[in-house]
>>> print(open('model.tsv').read())   # TSV, C-alpha atoms and all ligand atoms
chain	number	residue	atom	x	y	z
A	227	MET	CA	14.20	-18.60	-56.53
A	228	GLN	CA	14.27	-15.27	-54.73
A	229	LEU	CA	16.83	-15.06	-51.91
A	230	LYS	CA	15.49	-13.89	-48.55
A	231	LYS	CA	16.97	-10.52	-47.57
A	232	LEU	CA	19.03	-10.70	-44.41
A	233	PRO	CA	18.22	-8.20	-41.63
A	234	GLN	CA	20.49	-5.16	-41.64
A	235	ILE	CA	22.15	-4.73	-38.26
A	236	LYS	CA	24.34	-1.79	-37.33
A	237	ILE	CA	27.05	-2.45	-34.74
A	238	LEU	CA	28.16	0.63	-32.80
A	239	ALA	CA	31.41	-0.09	-30.95
A	240	THR	CA	32.51	1.83	-27.88
A	241	GLY	CA	35.35	-0.32	-26.45
A	242	GLY	CA	35.43	-2.41	-23.29
A	243	THR	CA	36.79	-5.86	-22.59
A	244	ILE	CA	34.99	-7.26	-25.63
A	245	ALA	CA	37.52	-5.18	-27.60
A	246	GLY	CA	40.31	-5.84	-25.10
A	247	SER	CA	43.64	-7.48	-25.79
A	248	ALA	CA	46.32	-9.00	-23.59
A	249	ALA	CA	49.82	-10.37	-24.16
A	250	SER	CA	48.75	-13.98	-23.71
A	251	ALA	CA	45.63	-16.14	-23.78
A	252	GLY	CA	45.95	-16.83	-20.07
A	253	GLN	CA	45.92	-13.16	-19.09
A	254	LEU	CA	42.47	-12.33	-17.70
A	255	THR	CA	43.28	-9.17	-15.75
A	256	GLY	CA	45.53	-6.19	-16.39
A	257	TYR	CA	44.74	-6.22	-20.14
A	258	THR	CA	43.95	-3.16	-22.22
A	259	ALA	CA	40.20	-2.69	-22.62
A	260	GLY	CA	39.07	-0.91	-25.79
A	261	SER	CA	42.03	-1.69	-28.01
A	262	LEU	CA	40.56	-3.62	-30.98
A	263	GLY	CA	38.45	-1.95	-33.64
A	264	VAL	CA	34.90	-2.87	-34.62
A	265	GLU	CA	36.04	-4.62	-37.84
A	266	SER	CA	38.17	-7.05	-35.76
A	267	LEU	CA	35.15	-7.83	-33.57
A	268	ILE	CA	33.03	-8.54	-36.64
A	269	ASP	CA	35.75	-10.55	-38.42
A	270	ALA	CA	36.16	-12.76	-35.33
A	271	VAL	CA	32.58	-14.01	-35.77
A	272	PRO	CA	32.10	-15.19	-39.39
A	273	GLN	CA	28.70	-16.66	-38.37
A	274	LEU	CA	27.33	-13.10	-38.20
A	275	ARG	CA	27.24	-12.96	-41.99
A	276	GLU	CA	24.94	-16.02	-42.09
A	277	ILE	CA	22.23	-14.36	-40.01
A	278	ALA	CA	22.49	-10.67	-40.83
A	279	SER	CA	24.06	-8.07	-43.01
A	280	VAL	CA	26.24	-6.32	-40.45
A	281	SER	CA	28.17	-3.08	-40.66
A	282	GLY	CA	30.21	-1.45	-37.92
A	283	GLU	CA	30.89	2.05	-36.68
A	284	GLN	CA	33.47	3.00	-34.08
A	285	LEU	CA	31.95	5.62	-31.78
A	286	ALA	CA	34.62	5.36	-29.08
A	287	ASN	CA	37.19	2.88	-27.85
A	288	ILE	CA	37.35	3.30	-24.08
A	289	ASP	CA	37.51	1.34	-20.88
A	290	SER	CA	33.96	1.97	-19.72
A	291	CYS	CA	35.09	2.81	-16.19
A	292	ASN	CA	35.92	6.16	-17.86
A	293	LEU	CA	32.40	6.63	-19.25
A	294	THR	CA	31.23	10.20	-19.81
A	295	SER	CA	27.80	11.54	-20.67
A	296	ALA	CA	29.31	12.85	-23.93
A	297	LEU	CA	29.34	9.24	-25.15
A	298	TRP	CA	25.69	8.79	-24.10
A	299	PHE	CA	24.73	11.85	-26.15
A	300	LYS	CA	26.64	10.57	-29.17
A	301	LEU	CA	25.10	7.10	-28.91
A	302	ALA	CA	21.57	8.39	-28.39
A	303	ALA	CA	21.88	10.75	-31.36
A	304	ARG	CA	23.21	7.96	-33.59
A	305	CYS	CA	20.52	5.49	-32.45
A	306	ASN	CA	17.79	8.06	-33.05
A	307	LYS	CA	19.13	8.62	-36.59
A	308	LEU	CA	19.26	4.87	-37.24
A	309	MET	CA	15.67	4.51	-35.98
A	310	ALA	CA	14.63	6.78	-38.83
A	311	ASP	CA	16.77	4.96	-41.41
A	312	ASP	CA	14.65	2.43	-43.32
A	313	SER	CA	17.68	0.44	-44.36
A	314	VAL	CA	18.46	-0.55	-40.74
A	315	ASP	CA	16.51	-3.23	-38.85
A	316	GLY	CA	18.31	-3.29	-35.51
A	317	ILE	CA	21.20	-1.84	-33.51
A	318	VAL	CA	23.88	-3.59	-31.44
A	319	ILE	CA	26.18	-1.63	-29.15
A	320	THR	CA	29.39	-3.17	-27.84
A	321	HIS	CA	30.38	-1.68	-24.49
A	322	GLY	CA	32.54	-2.29	-21.42
A	323	THR	CA	30.61	-4.14	-18.76
A	324	ASP	CA	31.59	-1.85	-15.86
A	325	THR	CA	29.08	0.84	-16.76
A	326	LEU	CA	27.08	-0.99	-19.43
A	327	GLU	CA	23.92	-0.85	-17.35
A	328	GLU	CA	24.08	2.95	-17.18
A	329	THR	CA	24.44	3.45	-20.92
A	330	ALA	CA	21.71	0.86	-21.51
A	331	TYR	CA	19.31	2.68	-19.18
A	332	PHE	CA	20.13	6.09	-20.68
A	333	LEU	CA	19.35	4.75	-24.17
A	334	ASN	CA	16.22	3.02	-22.83
A	335	LEU	CA	14.94	6.48	-21.90
A	336	THR	CA	16.25	8.57	-24.80
A	337	VAL	CA	15.97	6.51	-28.00
A	338	ASN	CA	12.74	7.05	-29.89
A	339	GLY	CA	11.77	4.03	-31.91
A	340	THR	CA	10.79	0.39	-31.75
A	341	LYS	CA	13.70	-1.25	-33.55
A	342	PRO	CA	15.77	-3.42	-31.20
A	343	VAL	CA	18.66	-1.70	-29.39
A	344	VAL	CA	20.85	-4.41	-27.89
A	345	ILE	CA	23.87	-3.73	-25.70
A	346	THR	CA	26.50	-6.39	-25.16
A	347	GLY	CA	30.01	-6.79	-23.80
A	348	ALA	CA	32.35	-9.44	-22.45
A	349	MET	CA	34.08	-10.37	-19.24
A	350	ARG	CA	37.19	-11.84	-20.88
A	351	PRO	CA	39.34	-9.97	-23.40
A	352	ALA	CA	39.17	-10.99	-27.07
A	353	THR	CA	42.61	-12.62	-26.78
A	354	ALA	CA	41.65	-14.83	-23.80
A	355	ILE	CA	41.17	-18.56	-23.70
A	356	SER	CA	37.39	-19.12	-23.82
A	357	ALA	CA	36.71	-15.48	-24.63
A	358	ASP	CA	32.99	-14.79	-24.18
A	359	GLY	CA	32.81	-11.78	-26.53
A	360	PRO	CA	32.29	-13.60	-29.86
A	361	LEU	CA	29.25	-15.58	-28.66
A	362	ASP	CA	27.85	-12.52	-26.88
A	363	LEU	CA	28.16	-10.55	-30.13
A	364	LEU	CA	26.50	-13.32	-32.15
A	365	ASN	CA	23.66	-13.58	-29.62
A	366	ALA	CA	23.27	-9.80	-29.56
A	367	VAL	CA	23.00	-9.63	-33.37
A	368	LYS	CA	20.50	-12.51	-33.36
A	369	THR	CA	18.42	-10.64	-30.78
A	370	ALA	CA	18.64	-7.36	-32.71
A	371	ALA	CA	17.46	-9.22	-35.82
A	372	CYS	CA	14.52	-10.81	-34.01
A	373	PRO	CA	11.06	-9.21	-34.57
A	374	ALA	CA	10.06	-10.19	-31.00
A	375	ALA	CA	12.74	-7.80	-29.67
A	376	CYS	CA	10.99	-4.79	-31.27
A	377	GLY	CA	9.38	-2.33	-28.87
A	378	LYS	CA	10.93	-3.88	-25.76
A	379	GLY	CA	13.18	-0.94	-24.90
A	380	ALA	CA	16.95	-1.23	-24.74
A	381	LEU	CA	18.05	-4.80	-24.05
A	382	VAL	CA	21.21	-6.24	-22.53
A	383	VAL	CA	22.40	-9.55	-23.98
A	384	MET	CA	25.19	-11.29	-22.09
A	385	ASN	CA	25.97	-14.93	-21.37
A	386	ASP	CA	22.93	-16.31	-23.26
A	387	ILE	CA	20.34	-14.23	-21.41
A	388	ILE	CA	18.30	-11.20	-22.47
A	389	LEU	CA	17.61	-8.53	-19.87
A	390	ALA	CA	15.56	-5.33	-19.95
A	391	ALA	CA	17.90	-2.36	-19.52
A	392	ARG	CA	15.59	-0.98	-16.81
A	393	TYR	CA	16.53	-3.85	-14.50
A	394	ALA	CA	19.88	-5.17	-15.79
A	395	THR	CA	22.76	-4.75	-13.38
A	396	LYS	CA	26.29	-6.06	-13.07
A	397	THR	CA	26.43	-8.45	-10.13
A	398	SER	CA	29.83	-10.09	-10.55
A	399	ALA	CA	33.20	-8.39	-11.00
A	400	PHE	CA	34.80	-11.40	-12.70
A	401	LYS	CA	32.35	-14.16	-13.66
A	402	VAL	CA	31.09	-14.61	-17.22
A	403	GLU	CA	27.66	-14.76	-15.61
A	404	ALA	CA	28.09	-11.08	-14.73
A	405	PHE	CA	24.60	-9.61	-15.20
A	406	GLN	CA	21.26	-10.18	-13.59
A	407	ALA	CA	17.98	-8.31	-13.67
A	408	GLN	CA	16.84	-7.30	-10.20
A	409	PRO	CA	14.24	-8.30	-9.06
A	410	TYR	CA	12.26	-9.84	-11.93
A	411	GLY	CA	14.89	-11.78	-13.86
A	412	GLN	CA	15.62	-12.14	-17.55
A	413	ILE	CA	12.99	-11.45	-20.20
A	414	GLY	CA	14.40	-13.99	-22.59
A	415	THR	CA	17.25	-16.23	-23.60
A	416	VAL	CA	19.30	-17.28	-26.61
A	417	ALA	CA	19.25	-21.06	-26.46
A	418	GLY	CA	20.25	-23.57	-29.11
A	419	GLY	CA	21.06	-20.62	-31.33
A	420	ARG	CA	17.47	-19.33	-31.17
A	421	VAL	CA	16.09	-16.21	-29.54
A	422	PHE	CA	13.23	-16.61	-27.05
A	423	ILE	CA	11.60	-13.48	-25.56
A	424	GLU	CA	8.86	-14.33	-23.09
A	425	ALA	CA	8.43	-11.28	-20.83
A	426	GLU	CA	8.74	-7.52	-21.03
A	427	CYS	CA	9.40	-4.39	-19.01
A	428	LEU	CA	6.20	-2.42	-18.32
A	429	LYS	CA	7.94	0.76	-17.15
A	430	TYR	CA	8.00	3.65	-19.64
A	431	HIS	CA	10.80	3.50	-22.18
A	432	THR	CA	11.75	4.56	-25.72
A	433	THR	CA	8.56	5.64	-27.54
A	434	GLN	CA	6.64	6.20	-24.25
A	435	SER	CA	9.47	8.20	-22.66
A	436	VAL	CA	9.20	11.99	-22.60
A	437	PHE	CA	12.99	12.11	-22.85
A	438	SER	CA	13.22	10.20	-26.12
A	439	GLY	CA	14.12	11.68	-29.47
A	440	LYS	CA	15.56	14.84	-27.90
A	441	SER	CA	19.08	16.01	-28.44
A	442	TYR	CA	21.14	16.33	-25.25
A	443	ASN	CA	24.53	17.96	-24.82
A	444	LYS	CA	24.58	18.57	-21.06
A	445	LEU	CA	22.83	17.15	-18.01
A	446	PRO	CA	22.48	18.73	-14.57
A	447	ARG	CA	24.96	17.65	-11.94
A	448	VAL	CA	23.63	14.87	-9.71
A	449	ASP	CA	25.85	13.25	-7.09
A	450	ILE	CA	25.47	9.90	-5.34
A	451	ILE	CA	26.13	9.81	-1.59
A	452	TYR	CA	26.65	6.33	-0.10
A	453	THR	CA	25.73	5.95	3.56
A	454	HIS	CA	27.97	4.24	6.12
A	455	CYS	CA	28.68	4.04	9.85
A	456	ASP	CA	29.58	7.45	11.35
A	457	GLU	CA	28.25	9.33	8.31
A	458	ASP	CA	28.23	13.11	8.57
A	459	ASP	CA	27.28	16.07	6.36
A	460	VAL	CA	30.68	16.68	4.73
A	461	LEU	CA	30.06	14.95	1.40
A	462	ILE	CA	26.50	16.25	1.13
A	463	ASN	CA	27.65	19.83	1.64
A	464	ALA	CA	30.49	19.28	-0.83
A	465	ALA	CA	27.98	18.09	-3.44
A	466	VAL	CA	25.75	21.11	-2.86
A	467	ASN	CA	28.74	23.48	-2.99
A	468	ALA	CA	29.85	21.85	-6.25
A	469	GLY	CA	26.50	22.87	-7.74
A	470	ALA	CA	24.55	19.62	-7.54
A	471	ARG	CA	20.94	20.06	-8.62
A	472	GLY	CA	20.21	16.61	-7.29
A	473	ILE	CA	21.50	14.08	-4.79
A	474	VAL	CA	20.82	10.37	-4.92
A	475	TYR	CA	21.20	9.07	-1.40
A	476	ALA	CA	22.20	5.38	-1.37
A	477	GLY	CA	20.72	4.73	2.03
A	478	SER	CA	20.78	1.58	4.09
A	479	GLY	CA	17.84	-0.84	3.96
A	480	MET	CA	14.75	0.80	2.50
A	481	GLY	CA	16.61	4.03	1.80
A	482	SER	CA	17.15	4.85	5.47
A	483	VAL	CA	18.80	8.19	6.15
A	484	HIS	CA	21.58	8.38	8.75
A	485	SER	CA	20.91	11.00	11.46
A	486	GLY	CA	24.38	12.46	10.70
A	487	ALA	CA	23.29	13.17	7.13
A	488	TYR	CA	19.65	14.12	7.71
A	489	GLN	CA	19.95	17.86	8.45
A	490	ALA	CA	22.22	18.50	5.48
A	491	LEU	CA	19.91	16.59	3.14
A	492	LYS	CA	16.88	18.43	4.53
A	493	GLN	CA	18.62	21.77	4.05
A	494	ALA	CA	19.60	20.81	0.52
A	495	ALA	CA	15.99	19.88	-0.30
A	496	GLN	CA	14.75	23.17	1.20
A	497	ASN	CA	17.23	25.00	-1.05
A	498	GLY	CA	15.80	23.32	-4.15
A	499	VAL	CA	18.19	20.39	-4.54
A	500	ALA	CA	16.23	17.26	-5.48
A	501	VAL	CA	17.02	14.52	-2.94
A	502	VAL	CA	16.16	10.96	-3.97
A	503	ARG	CA	16.29	8.19	-1.42
A	504	SER	CA	17.71	5.07	-3.02
A	505	THR	CA	19.37	2.05	-1.40
A	506	ARG	CA	22.69	0.25	-1.09
A	507	ILE	CA	20.73	-3.03	-1.11
A	508	SER	CA	20.75	-4.88	-4.42
A	509	GLU	CA	17.08	-5.87	-4.30
A	510	GLY	CA	14.12	-4.02	-2.91
A	511	ARG	CA	11.99	-0.96	-3.29
A	512	VAL	CA	12.40	2.38	-1.56
A	513	LEU	CA	9.01	3.72	-0.49
A	514	PRO	CA	7.95	6.56	1.79
A	515	ALA	CA	9.02	5.10	5.14
A	516	ASN	CA	9.42	7.85	7.70
A	517	PRO	CA	7.09	10.91	7.88
A	518	GLU	CA	10.07	13.13	8.72
A	519	TRP	CA	11.83	12.22	5.46
A	520	ASP	CA	8.67	12.77	3.45
A	521	ALA	CA	8.08	16.14	5.16
A	522	ALA	CA	11.65	17.10	4.27
A	523	GLY	CA	10.69	16.67	0.60
A	524	PHE	CA	12.72	13.57	-0.19
A	525	ILE	CA	11.71	11.58	-3.27
A	526	SER	CA	11.38	7.78	-3.05
A	527	GLY	CA	13.58	6.05	-5.62
A	528	GLY	CA	11.51	2.84	-6.00
A	529	ASN	CA	13.53	-0.09	-7.27
A	530	LEU	CA	16.06	1.78	-9.40
A	531	ASN	CA	19.60	1.26	-8.17
A	532	PRO	CA	21.52	4.46	-7.29
A	533	GLN	CA	23.42	4.70	-10.58
A	534	LYS	CA	20.20	4.41	-12.57
A	535	ALA	CA	18.28	6.69	-10.20
A	536	ARG	CA	20.97	9.26	-10.95
A	537	ILE	CA	20.31	9.03	-14.71
A	538	LEU	CA	16.53	9.34	-14.31
A	539	LEU	CA	16.95	12.30	-11.98
A	540	GLN	CA	19.35	14.03	-14.39
A	541	LEU	CA	16.87	13.64	-17.25
A	542	ALA	CA	13.85	14.53	-15.11
A	543	LEU	CA	15.57	17.72	-13.92
A	544	THR	CA	15.76	18.86	-17.55
A	545	VAL	CA	11.94	19.13	-17.55
A	546	THR	CA	10.96	19.95	-13.94
A	547	ALA	CA	12.31	20.80	-10.49
A	548	GLU	CA	9.01	20.16	-8.72
A	549	GLN	CA	9.21	17.43	-6.11
A	550	GLN	CA	5.83	15.88	-6.94
A	551	LYS	CA	6.53	15.76	-10.65
A	552	LEU	CA	9.96	14.27	-10.00
A	553	GLN	CA	8.29	11.64	-7.79
A	554	GLN	CA	5.94	10.84	-10.65
A	555	PHE	CA	8.91	10.13	-12.92
A	556	PHE	CA	10.26	7.71	-10.32
A	557	ASP	CA	6.87	6.02	-10.11
A	558	GLU	CA	6.43	5.64	-13.87
A	559	TYR	CA	9.93	5.05	-15.25
B	601	LIG	N1	36.84	-2.34	-17.49
B	601	LIG	C1	36.15	-2.99	-18.60
B	601	LIG	C2	35.19	-1.98	-19.17
B	601	LIG	O1	34.16	-1.76	-18.58
B	601	LIG	C3	35.46	-4.19	-18.12
B	601	LIG	C4	34.64	-4.93	-19.12
B	601	LIG	O2	34.36	-4.50	-20.22
B	601	LIG	O3	34.24	-6.07	-18.79
B	601	LIG	O4	35.44	-1.40	-20.20
>>> encode(input="model.tsv", output="structure tokens")
Amino acid sequence: MQLKKLPQIKILATGGTIAGSAASAGQLTGYTAGSLGVESLIDAVPQLREIASVSGEQLANIDSCNLTSALWFKLAARCNKLMADDSVDGIVITHGTDTLEETAYFLNLTVNGTKPVVITGAMRPATAISADGPLDLLNAVKTAACPAACGKGALVVMNDIILAARYATKTSAFKVEAFQAQPYGQIGTVAGGRVFIEAECLKYHTTQSVFSGKSYNKLPRVDIIYTHCDEDDVLINAAVNAGARGIVYAGSGMGSVHSGAYQALKQAAQNGVAVVRSTRISEGRVLPANPEWDAAGFISGGNLNPQKARILLQLALTVTAEQQKLQQFFDEY
């Protein structure tokens, strides 16, 4: 009898709480994120070997609150190489949850291929009582090995649910149920040990993305300005003086611009800085809302949250500085 070949899954480890360790099982805060190596993560889940042939690579071992774009470039380059490697069927990336959604969205836009790219993490360190990392890793590998996950863009698998990277966002700072997809919800689940994918993201990603398959080593500076009571122009001018080529304005409501910030943003836009109106609100869509803002040349950020709008703007600025073309990226991606 011929044995069925197991799917080959590559695990790229970058650190985070999933690789975190503490002095005792009861310690759930104040631990060191990114301290265990990828082999320890794999060895902690012997069930992985029953469903896939897994191999690990350590690309970084950081607390993801210290994320840099250098790690994005390294991950994207490695994923693009693995896409072209016939011996690999799927990719899993272990990552800190703090900025997981940003790395996931960057890869969603820059990886060129249809093999599954699944990003996972954990809310409790590996040493904790009821650590969530081992099951998250098992579910992530199952998803990466599942043919239905092909061509769906980068996926986030956490706490038994599968989310499209385009929409996945961290919504709890401490619960195991830490991620949601705003506003459309999960695209699938891992239930009873089986992977179910029953929806998909229709926004451009991976093979449809003009940013995919390219090699990046620098992105233009884009700052996020968060509106608040008594806002003035100080931070906007500081961003412009620091050389920002773009500003994502996390406005109130539907991307509303405070009158204290308006003139500085308008001036910035007139001087060629791309200004994207986004929102502090966790669910919604920023559309053209006020003729004055549209006349000032502000771009509407749609339903990307500010941290993801920043990534799209950084990538879009590598191909155009024209307001209308930038707006088109925000409409399509
Ligand atoms: N600070 C950790 C990190 O993002 C949190 C986590 O992984 O859950 O690396």
>>> residues_near_ligand(input="model.tsv", ligand="ligand LIG 601 (chain B)", cutoff="8 Å", atoms="all atoms listed in the file", output="list in words")
Gly241, Gly242, Thr243, Ile244, Gly246, Ala259, Gly260, Ile288, Asp289, Ser290, Cys291, Asn292, His321, Gly322, Thr323, Asp324, Thr325, Leu326, Gly347, Ala348, Met349, Arg350 and Pro351 of chain A
>>> atom_distance(input="model.tsv", atom1="CA of Ala303 in chain A", atom2="CA of Thr546 in chain A")
22.5 Å
>>> residues_around(input="model.tsv", residues="range 388-390 of chain A", least_positions_apart="3", cutoff="8 Å", atoms="only C-alpha atoms", output="list in words")
Lys378, Gly379, Ala380, Leu381, Val382, Val383, Met384, Tyr393, Ala394, Gln406, Ala407, Gly411, Gln412, Ile413, Gly414, Thr415, Val416, Ile423, Glu426 and Cys427 of chain A
>>> closest_residue(input="model.tsv", among="A:Leu538, A:Leu513, A:Ile462, A:Cys305", to="Ala487 in chain A", atoms="all atoms listed in the file")
A:Ile462
>>> residues_around(input="model.tsv", residues="Ile525 in chain A", least_positions_apart="4", cutoff="8 Å", atoms="all atoms listed in the file", output="PyMOL selection string")
chain A and resi 500-503+520+549+552-553
>>> closest_residue(input="model.tsv", among="A:Gly477, A:Pro532, A:Pro514, A:Pro342", to="Glu457 in chain A", atoms="all atoms listed in the file")
A:Gly477
>>> atom_distance(input="model.tsv", atom1="CA of Ile450 in chain A", atom2="CA of Val474 in chain A")
4.7 Å
>>> closest_residue(input="model.tsv", among="A:Leu364, A:Ala535, A:Ala296, A:Leu491", to="Ser504 in chain A", atoms="all atoms listed in the file")
A:Ala535
>>> closest_residue(input="model.tsv", among="A:Ser247, A:Thr369, A:Asn463, A:Asn385", to="Asp315 in chain A", atoms="all atoms listed in the file")
A:Thr369
>>> closest_residue(input="model.tsv", among="A:Pro517, A:Gly377, A:Pro272, A:Gly498", to="Leu363 in chain A", atoms="all atoms listed in the file")
A:Pro272
>>> atom_distance(input="model.tsv", atom1="CA of Phe400 in chain A", atom2="CA of Gln533 in chain A")
19.8 Å
>>> residues_around(input="model.tsv", residues="Gly528 in chain A", least_positions_apart="3", cutoff="8 Å", atoms="only C-alpha atoms", output="VMD selection string")
chain A and resid 504 510 to 513 556 to 557
>>> closest_residue(input="model.tsv", among="A:Leu445, A:Ala357, A:Ala476, A:Leu461", to="Leu543 in chain A", atoms="only C-alpha atoms")
A:Leu445
>>> residues_around(input="model.tsv", residues="Gln434 in chain A", least_positions_apart="2", cutoff="12 Å", atoms="only C-alpha atoms", output="ChimeraX atom specification")
/A:334-340,377-379,428-432,436-439,558-559
>>> residues_around(input="model.tsv", residues="Ala464 in chain A", least_positions_apart="2", cutoff="12 Å", atoms="all atoms listed in the file", output="list of chain:residue names")
A:Asp449, A:Ile450, A:Ile451, A:Asp458, A:Asp459, A:Val460, A:Leu461, A:Ile462, A:Val466, A:Asn467, A:Ala468, A:Gly469, A:Ala470, A:Ile473, A:Ala490, A:Leu491, A:Ala494
>>> closest_atom_pairs(input="model.tsv", of="range 369-424 of chain A", to="range 251-258 of chain A", cutoff="12 Å", atoms="all atoms listed in the file", output="JSON lines")
{"residue": "A:Ala399", "atom": "CA", "partner": "A:Thr255", "partner_atom": "CA", "distance": 11.2}
{"residue": "A:Phe400", "atom": "CA", "partner": "A:Leu254", "partner_atom": "CA", "distance": 9.2}
{"residue": "A:Lys401", "atom": "CA", "partner": "A:Leu254", "partner_atom": "CA", "distance": 11.0}
{"residue": "A:Val402", "atom": "CA", "partner": "A:Leu254", "partner_atom": "CA", "distance": 11.6}
>>> axis_aligned_box(input="model.tsv", around="range 267-274 of chain A", padding_each_side="5 Å", output="JSON")
{"center_x": 31.7, "center_y": -12.2, "center_z": -36.5, "size_x": 18.8, "size_y": 18.8, "size_z": 15.8}
>>> residues_near_point(input="model.tsv", point="(18.1, 18.5, -16.3)", cutoff="12 Å", atoms="only C-alpha atoms", output="VMD selection string")
chain A and resid 437 442 to 448 470 to 472 499 to 500 536 to 548 552
>>> residues_near_point(input="model.tsv", point="(30.2, 10.0, -31.2)", cutoff="10 Å", atoms="all atoms listed in the file", output="PDB file with C-alpha atoms, keeping the file's coordinate frame")
ATOM      1  CA  LEU A 238      28.160   0.630 -32.800  1.00  0.00           C
ATOM      2  CA  THR A 240      32.510   1.830 -27.880  1.00  0.00           C
ATOM      3  CA  GLU A 283      30.890   2.050 -36.680  1.00  0.00           C
ATOM      4  CA  GLN A 284      33.470   3.000 -34.080  1.00  0.00           C
ATOM      5  CA  LEU A 285      31.950   5.620 -31.780  1.00  0.00           C
ATOM      6  CA  ALA A 286      34.620   5.360 -29.080  1.00  0.00           C
ATOM      7  CA  ALA A 296      29.310  12.850 -23.930  1.00  0.00           C
ATOM      8  CA  LEU A 297      29.340   9.240 -25.150  1.00  0.00           C
ATOM      9  CA  TRP A 298      25.690   8.790 -24.100  1.00  0.00           C
ATOM     10  CA  PHE A 299      24.730  11.850 -26.150  1.00  0.00           C
ATOM     11  CA  LYS A 300      26.640  10.570 -29.170  1.00  0.00           C
ATOM     12  CA  LEU A 301      25.100   7.100 -28.910  1.00  0.00           C
ATOM     13  CA  ALA A 302      21.570   8.390 -28.390  1.00  0.00           C
ATOM     14  CA  ALA A 303      21.880  10.750 -31.360  1.00  0.00           C
ATOM     15  CA  ARG A 304      23.210   7.960 -33.590  1.00  0.00           C
TER      16      ARG A 304
END
>>> build_atoms(input="model.tsv", residues="range 457-468 of chain A", atoms="N, CA, C and O atoms", output="compact mmCIF listing (two decimals), keeping the file's coordinate frame")
# COMPACT_ATOMS: atom_id res chain seq x y z
N GLU A 457 28.42 8.35 9.41
CA GLU A 457 28.25 9.33 8.31
C GLU A 457 28.01 10.73 8.89
O GLU A 457 27.38 10.89 9.94
N ASP A 458 28.51 11.72 8.17
CA ASP A 458 28.23 13.11 8.57
C ASP A 458 27.79 13.91 7.34
O ASP A 458 27.46 13.32 6.30
N ASP A 459 27.83 15.23 7.45
CA ASP A 459 27.28 16.07 6.36
C ASP A 459 28.34 16.53 5.35
O ASP A 459 28.01 17.26 4.40
N VAL A 460 29.59 16.10 5.54
CA VAL A 460 30.68 16.68 4.73
C VAL A 460 30.48 16.47 3.23
O VAL A 460 30.57 17.41 2.43
N LEU A 461 30.18 15.23 2.84
CA LEU A 461 30.06 14.95 1.40
C LEU A 461 28.80 15.57 0.81
O LEU A 461 28.79 15.99 -0.36
N ILE A 462 27.75 15.63 1.63
CA ILE A 462 26.50 16.25 1.13
C ILE A 462 26.73 17.74 0.88
O ILE A 462 26.38 18.27 -0.18
N ASN A 463 27.37 18.41 1.83
CA ASN A 463 27.65 19.83 1.64
C ASN A 463 28.60 20.06 0.47
O ASN A 463 28.47 21.04 -0.27
N ALA A 464 29.54 19.14 0.30
CA ALA A 464 30.49 19.28 -0.83
C ALA A 464 29.73 19.18 -2.15
O ALA A 464 30.00 19.93 -3.10
N ALA A 465 28.76 18.24 -2.20
CA ALA A 465 27.98 18.09 -3.44
C ALA A 465 27.19 19.36 -3.72
O ALA A 465 27.18 19.88 -4.85
N VAL A 466 26.55 19.88 -2.68
CA VAL A 466 25.75 21.11 -2.86
C VAL A 466 26.66 22.26 -3.30
O VAL A 466 26.34 23.00 -4.24
N ASN A 467 27.82 22.39 -2.64
CA ASN A 467 28.74 23.48 -2.99
C ASN A 467 29.30 23.33 -4.40
O ASN A 467 29.68 24.31 -5.04
N ALA A 468 29.35 22.08 -4.88
CA ALA A 468 29.85 21.85 -6.25
C ALA A 468 28.77 22.15 -7.29
O ALA A 468 29.02 22.05 -8.49
